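The structure appears right after this line, and notes come after that.
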Amino acid sequence: MAHFEEVCKQSDLHPKPAGLVLQYGTAGFRTSADKLDHIMFRMGLLATLRSKKTKATIGVMVTASHNPEEDNGVKLIDPMGEMLTSSWEDYATQLANTDQNELLKTLKDIIEKEAVDMSQEANVYVGKDTRSSSASLSQAVLDGVKALGGHSKDYGLVTTPQMHYMVCCQNTQGKYGEATVEGYYCKLSQAFSQLAKNASNRTDDQKHLSVDGANGIGAIKVREMESHLKNHMQLSVFNDGSRGKLNHQCGADFVKVQQTLPIGIKINPGDRCCSFDGDADRIVYYYTDSQGDFHLLDGDKIATLISTFLKELLNEAGLDLKIAVVQTAYANGSSTHYLENTMKVIVKCTKTGVKHLHHAAQEFDIGVYFEANGHGTVLFSDGAEEKIQQLANDTNINDERKKAAFLLQNTINIINQTVGDAISDMLLIEAILAIKGMTVQQWDAIYSDLPNRQLKVKVSDRRVIDTTDAERRAVTPAGLQEAIDDLVKKYEKARSFVRPSGTEDVVRVYAEADTQESADALAHEVSLAVY
Ligand code: NG1
Ligand code: ZN
């Protein structure tokens, strides 16, 4: 077939460096940008096949999120805006690693195995972050789509969650919203202004939020969003890419892991601030107190705020819907304790990686999921959305129930249910704080975090560590878990675990304990046990 000849011809322009082996992991492919041209071309091919197979539009996002500017990466987005299904992750890895002269054979194997109808039309949406390498790499994706005869739409610079949103909108025939960046801003800003109506008069100070854009795409997009929010919010955007380097000493990952302010942000004690990561799918909040001490409100605090708000609304609305919070092993022990024992919601722990949390959250009427690093969202089942809709349309209910149903309806609209979204999460958090008349300090005081520490350990082969129980226990190498258990026993309120990173060539160590000194010491001792 003519397309296969074209694939051969074009793939010679995107050659694979000899000996390079990469794996499609939790965050797709991610490595230094100079190794990725052939990967991008081949992911254009794969996205085209996936589109033919699903008879739907598929998304491709070129980004390496919070990694340094020199890196890049790529992720495929499935029809409902979710992460690429696991069985196709293997095809992605096969295609990425096959030698130049075997590419066609590998491609044909996938076509045969999946019985892809090659006469079916294919549509692929492509987006990219602000990295200097992203322009040529996203062009390589477009080349791949074209070589196999697919149609593509280049969204240019967008956040990762915006790309997920576009794909979902397109495949649900506009039911989720309009598949344009403008449509995204309109949907979210309308929901925000409806929610903000329920906040008592806010001062300019209360409307003010400082945003660290990580010198990335989020800074550009939050400014575009702001113009749609009229006078409902006042943003000061720092690290907007005009001077600093992407993710360098700034952004959500830096702030969370270093537990400190990002570079370049000028704030007063008590000011509410947040940081996005490099592709704006994560957000963390923070402030400094009058002593200059830094206070972080991470994904766990965000999940607690959102689930408390939703639980209260469900009570007021008189709706019997099951709400759960999904976390990972990195969730602070205090948050899990508070959610289970004070709020009395179901808490589930899954393996690291958004797709695991997303799937677990789908099992409930309302599933709030957040990684401690600030990646998360809320999922409403179809049944839950219907019940809320019905109640909002019911003319025979009292004003309190009506108001709760209205707030729930607009909460659904402000949330990007396809994936964690810094801009959408920020708007929801701001709306909740405004409606509850809560300061960032009051939010922080809901529970106190256990002091904690995260470390990275470089080992010769991180795959020798295998884990179980949602990554909270190591099964190999022999003796490691016993050594960790012995170290943990030395400290109060302590917990520690190790796991191989899915995105970096390191082993991650996490420890928490009653004091920062103990958490630091435990993390250090456990990292020595990993060698
Ligand atoms: P790894 O490198 O597997 O720990 C990191 C984050 C994940 C997730 C992915 C994808 C931590 C501890 N890990 O995974 O939560 O966000 O990156 O970006 O934050
Ligand atoms: Zn990200």
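Just so we're on the same page: first chain in the structure tokens is A, next is B, and so on; residues restart at 1 for each chain, and ligands are numbered from 1 in the order they show up.
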**Message:** How would you report the residues lying within 6 Å of ligand 1, as an MDAnalysis selection string, if you count only C-alpha atoms and all ligand atoms?
**Reply:** chainID A and resid 26:27 352:353 371 373 501:504
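With only C-alpha atoms and all ligand atoms as the atoms that count, the set of residues no farther than 7 Å from ligand 2 is Ser65, His66, Asp277, Gly278, Asp279, Ala280, Asp281 and Arg282 of chain A.
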Could you write those residues out with C-alpha atoms, as an mmCIF file, in the first residue's frame?
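Okay, again.cif is ready:
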```cif
data_model
loop_
_atom_site.group_PDB
_atom_site.id
_atom_site.type_symbol
_atom_site.label_atom_id
_atom_site.label_comp_id
_atom_site.auth_asym_id
_atom_site.auth_seq_id
_atom_site.Cartn_x
_atom_site.Cartn_y
_atom_site.Cartn_z
ATOM 1 C CA SER A 65 6.099 18.028 32.502
ATOM 2 C CA HIS A 66 8.284 18.937 35.509
ATOM 3 C CA ASP A 277 4.267 22.359 36.991
ATOM 4 C CA GLY A 278 5.762 22.625 33.483
ATOM 5 C CA ASP A 279 2.666 21.368 31.631
ATOM 6 C CA ALA A 280 0.087 22.647 34.164
ATOM 7 C CA ASP A 281 -1.402 19.341 35.248
ATOM 8 C CA ARG A 282 -0.246 19.738 38.857
#
```
For region 54-118 of chain A versus region 354-370 of chain A, which residues have an atom no more than 10 Å away, and what is each residue's nearest atom pair and distance in Å rounded to one decimal, using only C-alpha atoms, chain-then-number order, as CSV?
```
residue,atom,partner,partner_atom,distance
A:Glu82,CA,A:Lys355,CA,7.9
A:Met83,CA,A:Lys355,CA,6.5
A:Leu84,CA,A:Lys355,CA,9.0
A:Thr85,CA,A:Lys355,CA,9.1
A:Ser86,CA,A:Lys355,CA,9.5
```
**Request:** Just the strand (DSSP E) stuff from region 370-423 of chain A, please, per backbone DSSP, written as a list in words.
**Result:**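 For region 370-423 of chain A, the strand (DSSP E) set is Phe370, Gly376, Thr377, Val378, Leu379 and Phe380 of chain A.
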Print the selection's residues with C-alpha atoms to a file, as a PDB file, in the first residue's frame.
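Saved file out_20.pdb follows:
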```pdb
ATOM      1  CA  PHE A 370      -4.944  13.426  44.191  1.00  0.00           C
ATOM      2  CA  GLY A 376      -5.577  15.171  40.687  1.00  0.00           C
ATOM      3  CA  THR A 377      -9.204  15.789  39.891  1.00  0.00           C
ATOM      4  CA  VAL A 378     -12.722  14.624  40.764  1.00  0.00           C
ATOM      5  CA  LEU A 379     -14.761  12.064  38.816  1.00  0.00           C
ATOM      6  CA  PHE A 380     -18.560  11.973  38.875  1.00  0.00           C
TER       7      PHE A 380
END
```
**Asked** Got a sec to tell me which of region 412-516 of chain A DSSP assigns to alpha helix (DSSP H), as a PyMOL selection string?
**Response** chain A and resi 412-414+422-436+440-444+480-489+516
How would the residues just picked look written out with N, CA and C atoms as a short mmCIF file (atom, residue, chain, number, x, y, z; two decimals), in the first residue's frame?
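File written: result_15.cif
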```cif
data_model
loop_
_atom_site.label_atom_id
_atom_site.label_comp_id
_atom_site.auth_asym_id
_atom_site.auth_seq_id
_atom_site.Cartn_x
_atom_site.Cartn_y
_atom_site.Cartn_z
N ILE A 412 -19.30 20.42 39.03
CA ILE A 412 -19.05 19.46 37.94
C ILE A 412 -18.49 20.20 36.71
N ASN A 413 -19.07 21.35 36.40
CA ASN A 413 -18.64 22.08 35.20
C ASN A 413 -17.26 22.70 35.31
N ILE A 414 -16.84 23.02 36.53
CA ILE A 414 -15.52 23.68 36.67
C ILE A 414 -14.39 22.65 36.65
N ALA A 422 -4.18 21.95 36.57
CA ALA A 422 -3.81 23.01 37.52
C ALA A 422 -4.79 24.19 37.45
N ILE A 423 -5.18 24.60 36.24
CA ILE A 423 -6.06 25.78 36.12
C ILE A 423 -7.46 25.46 36.67
N SER A 424 -7.99 24.32 36.29
CA SER A 424 -9.33 23.95 36.77
C SER A 424 -9.32 23.71 38.28
N ASP A 425 -8.28 23.03 38.79
CA ASP A 425 -8.18 22.81 40.24
C ASP A 425 -8.06 24.15 40.98
N MET A 426 -7.26 25.05 40.42
CA MET A 426 -7.08 26.37 41.04
C MET A 426 -8.42 27.09 41.15
N LEU A 427 -9.20 27.06 40.08
CA LEU A 427 -10.50 27.75 40.09
C LEU A 427 -11.44 27.12 41.11
N LEU A 428 -11.44 25.79 41.19
CA LEU A 428 -12.31 25.11 42.16
C LEU A 428 -11.89 25.47 43.59
N ILE A 429 -10.59 25.42 43.85
CA ILE A 429 -10.09 25.75 45.20
C ILE A 429 -10.45 27.20 45.56
N GLU A 430 -10.23 28.11 44.62
CA GLU A 430 -10.55 29.52 44.88
C GLU A 430 -12.05 29.69 45.15
N ALA A 431 -12.86 28.97 44.39
CA ALA A 431 -14.32 29.06 44.58
C ALA A 431 -14.71 28.52 45.96
N ILE A 432 -14.13 27.39 46.34
CA ILE A 432 -14.48 26.80 47.65
C ILE A 432 -14.07 27.74 48.78
N LEU A 433 -12.85 28.27 48.71
CA LEU A 433 -12.38 29.18 49.76
C LEU A 433 -13.31 30.40 49.84
N ALA A 434 -13.72 30.89 48.67
CA ALA A 434 -14.59 32.07 48.65
C ALA A 434 -15.97 31.75 49.23
N ILE A 435 -16.53 30.62 48.83
CA ILE A 435 -17.88 30.25 49.31
C ILE A 435 -17.85 30.00 50.82
N LYS A 436 -16.79 29.33 51.30
CA LYS A 436 -16.70 29.02 52.73
C LYS A 436 -16.14 30.19 53.54
N VAL A 440 -6.37 30.85 53.67
CA VAL A 440 -5.46 29.74 53.40
C VAL A 440 -4.95 29.13 54.72
N GLN A 441 -4.82 29.98 55.75
CA GLN A 441 -4.39 29.47 57.06
C GLN A 441 -5.45 28.57 57.67
N GLN A 442 -6.72 28.95 57.53
CA GLN A 442 -7.80 28.11 58.07
C GLN A 442 -7.86 26.77 57.34
N TRP A 443 -7.65 26.83 56.04
CA TRP A 443 -7.61 25.59 55.26
C TRP A 443 -6.45 24.71 55.74
N ASP A 444 -5.29 25.33 55.93
CA ASP A 444 -4.10 24.60 56.37
C ASP A 444 -4.33 23.94 57.73
N LEU A 480 15.44 -6.28 52.26
CA LEU A 480 15.29 -4.81 52.25
C LEU A 480 14.11 -4.37 53.12
N GLN A 481 12.95 -5.03 52.95
CA GLN A 481 11.78 -4.59 53.72
C GLN A 481 12.01 -4.77 55.22
N GLU A 482 12.65 -5.86 55.58
CA GLU A 482 12.93 -6.11 57.01
C GLU A 482 13.83 -4.99 57.55
N ALA A 483 14.81 -4.59 56.74
CA ALA A 483 15.72 -3.51 57.17
C ALA A 483 14.93 -2.21 57.36
N ILE A 484 14.00 -1.93 56.43
CA ILE A 484 13.19 -0.71 56.54
C ILE A 484 12.31 -0.79 57.80
N ASP A 485 11.70 -1.96 58.02
CA ASP A 485 10.83 -2.13 59.21
C ASP A 485 11.62 -1.84 60.49
N ASP A 486 12.85 -2.34 60.54
CA ASP A 486 13.68 -2.14 61.75
C ASP A 486 13.99 -0.66 61.94
N LEU A 487 14.27 0.04 60.87
CA LEU A 487 14.60 1.48 60.97
C LEU A 487 13.36 2.27 61.40
N VAL A 488 12.21 1.92 60.83
CA VAL A 488 10.97 2.64 61.14
C VAL A 488 10.64 2.54 62.64
N LYS A 489 10.92 1.36 63.21
CA LYS A 489 10.61 1.12 64.63
C LYS A 489 11.33 2.08 65.57
N GLN A 516 10.71 16.78 61.99
CA GLN A 516 11.44 16.87 60.72
C GLN A 516 12.80 16.17 60.83
#
```
**Item:** Residues near Asp449 (chain A), cut-off 12 Å, only C-alpha atoms, skip fewer than 4 positions along chain, as a list in words
**Value:** His295, Leu296, Leu297, Asp298, Gly299, Asp300, Lys301, Ala331, Asn332, Gly333, Ser334, Ser335, Thr336, His337, Tyr338, Ala372, Asp444, Ala445, Arg453, Lys493, Glu512, Ala513, Asp514, Thr515 and Gln516 of chain A
**Request:** Compare A:Val62, A:Lys108, A:Ala529, A:Gln206 by their minimum atom-to-atom distance to Tyr155 (chain A), counting only C-alpha atoms, and give me the closest one.
**Result:** A:Val62
**Prompt:** Which one is closest to Tyr165 (chain A): A:Glu224, A:Asp469, A:Glu182, A:Asp399? Count only C-alpha atoms.
**Reply:** A:Glu182
**Request:** Have a look at A:Ala474, A:Thr48, A:Met438, A:Ser527 and name the one nearest to Arg202 (chain A); count only C-alpha atoms.
**Result:**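 For Arg202 (chain A), the nearest of the given residues is A:Met438.
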**12 Å contact set for Val167 (chain A), only C-alpha atoms, chain neighbours under 2 positions out, as number ranges by chain** = A: 51, 56-61, 76-83, 123-127, 153, 155, 160-165, 169-181, 184, 418-419
**Message:** Please compute the CA of Lys458 (chain A)-CA of Val507 (chain A) distance, one decimal, in Å.
**Reply:**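 Here the two named atoms are 6.4 Å from each other.
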